[in-house]
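Here the structure comes first, spelled out in structure tokens, and everything after it is commentary.
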Amino acid sequence: MKRSDYISWDTYFMGVAKLSAMRSKDPSTQVGACIVDAKNHIVGIGYNGMPNGIDDDTYPWENTGDFLNTKYPYVVHAEPNAILNATVSLEGATMYVSLFPCHECAKLIIQSGIKGLVYESHKYHDKDSFKASERMLKDAGIALRNVKEVRVEIHAEK
């Protein structure tokens with residue numbers, strides 16, 4: 001008889017997204033994304049970080065202060081990284097993301113052909129960027145689904 005206490009697809013894919021987030025060097029916000037196709041195959045993953053070729057030791061990671069001295073003009077979000085890392089067309093795919101996407105990421109999600117978005121946290125729901133994001137995603141017919149907190153117990157080597 002097979003075991004019955006295995007994890008659900010939602011837990012598995014959100015776990016992959018959260019594991020990916022652990023690669024982020026951002027000291028204040030780590031976000032991960034995992035894209036799956038209709039057959040539950042992972043076709044793209046990403047996390048928030050500096051663009052390829054940028055020395056992340058020489059760019060700022062602060063989240064307050066003068067704009068050019070913060071991370072905001074430089075960091076690539078998890079969602080576009082997952083889209084850019086995709087190995088196949090994303091038409092009809094589902095994205096799992098640990099934090100609800102901002103309006104810029106929402107536009108890329110829509111343009112990529114993704115039709116489902118599963119998210120864990122929506123802590124910025126009262127901010128205009130995220131209100132715009134939610135509006136666009138809903139109007140584009142993307143199915144939005146919130147999942148409860150998924151715990152990932154992976155410990156980095158010391």
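How things are named: the first chain in the structure tokens is A, the next is B, and so on; residues count from 1 in each chain; ligands count from 1 in the order shown.
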For this session: List every residue of stretch 33-128 of chain A that DSSP, applied to the backbone of this structure, places in helix (DSSP H, G or I), and write the result as a ChimeraX atom specification.
Result: /A:67-69,78-84,103-112,128
Problem set entry | 12 Å contact set for stretch 50-63 of chain A, only C-alpha atoms, chain neighbours under 6 positions out, as a list of chain:residue names |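 My reading of the contact set: A:Arg23, A:Ser24, A:Lys25, A:Asp26, A:Pro27, A:Ser28, A:Thr29, A:Gln30, A:Asn69, A:Thr70, A:Lys71, A:Tyr72, A:Pro73, A:Tyr74, A:Val75, A:Val76, A:His77, A:Ala78, A:Pro80, A:Asn81, A:Leu84.
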Problem set entry | Contact residues around stretch 117-129 of chain A with only C-alpha atoms at 8 Å, ignoring same-chain residues under 2 positions, as JSON, numbers by chain | {"A": [14, 94, 95, 96, 97, 98, 99, 100, 102, 103, 114, 115, 131, 132, 133, 142, 143, 144, 145, 146, 147, 148, 149, 150]}
Exercise. What is the distance between atom CA of A:Gly46 and atom CA of A:Trp9, in Å to one decimal?
Worked result: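 Atom CA of A:Trp9 lies 18.3 Å from atom CA of A:Gly46.
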For this session: Output as a list in words all residues of chain A that backbone DSSP marks as strand (DSSP E).
Result: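 Result set for chain A (strand (DSSP E)): Gly32, Ala33, Cys34, Ile35, Val36, Ile42, Val43, Gly44, Ile45, Gly46, Tyr47, Thr94, Met95, Tyr96, Val97, Ser98, Leu99, Gly116, Leu117, Val118, Tyr119, Glu120, Ser121, Ala143, Leu144, Arg145 and Asn146 of chain A.
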For this session: Record the distance separating atom CA of A:Gly141 and atom CA of A:Gly44, expressed in Å with one decimal.
Result: 21.2 Å
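The residue that comes closest to A:Gly116, out of A:Leu137, A:Ala33, A:Ala21, A:Leu68 and on the basis of only C-alpha atoms, is A:Leu137.
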Exercise. Could you name the residues that touch A:Ser20 at 7 Å or less, counting only C-alpha atoms, but leaving out those on the same chain fewer than 4 positions away, as a list in words?
Worked result: Val16, Gly32, Gly46 and Tyr47 of chain A
For this session: Rounded to one decimal place, report the atom CA of A:Gly113-atom CA of A:Ala17 distance in Å.
Result: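 Here the two named atoms are 19.2 Å from each other.
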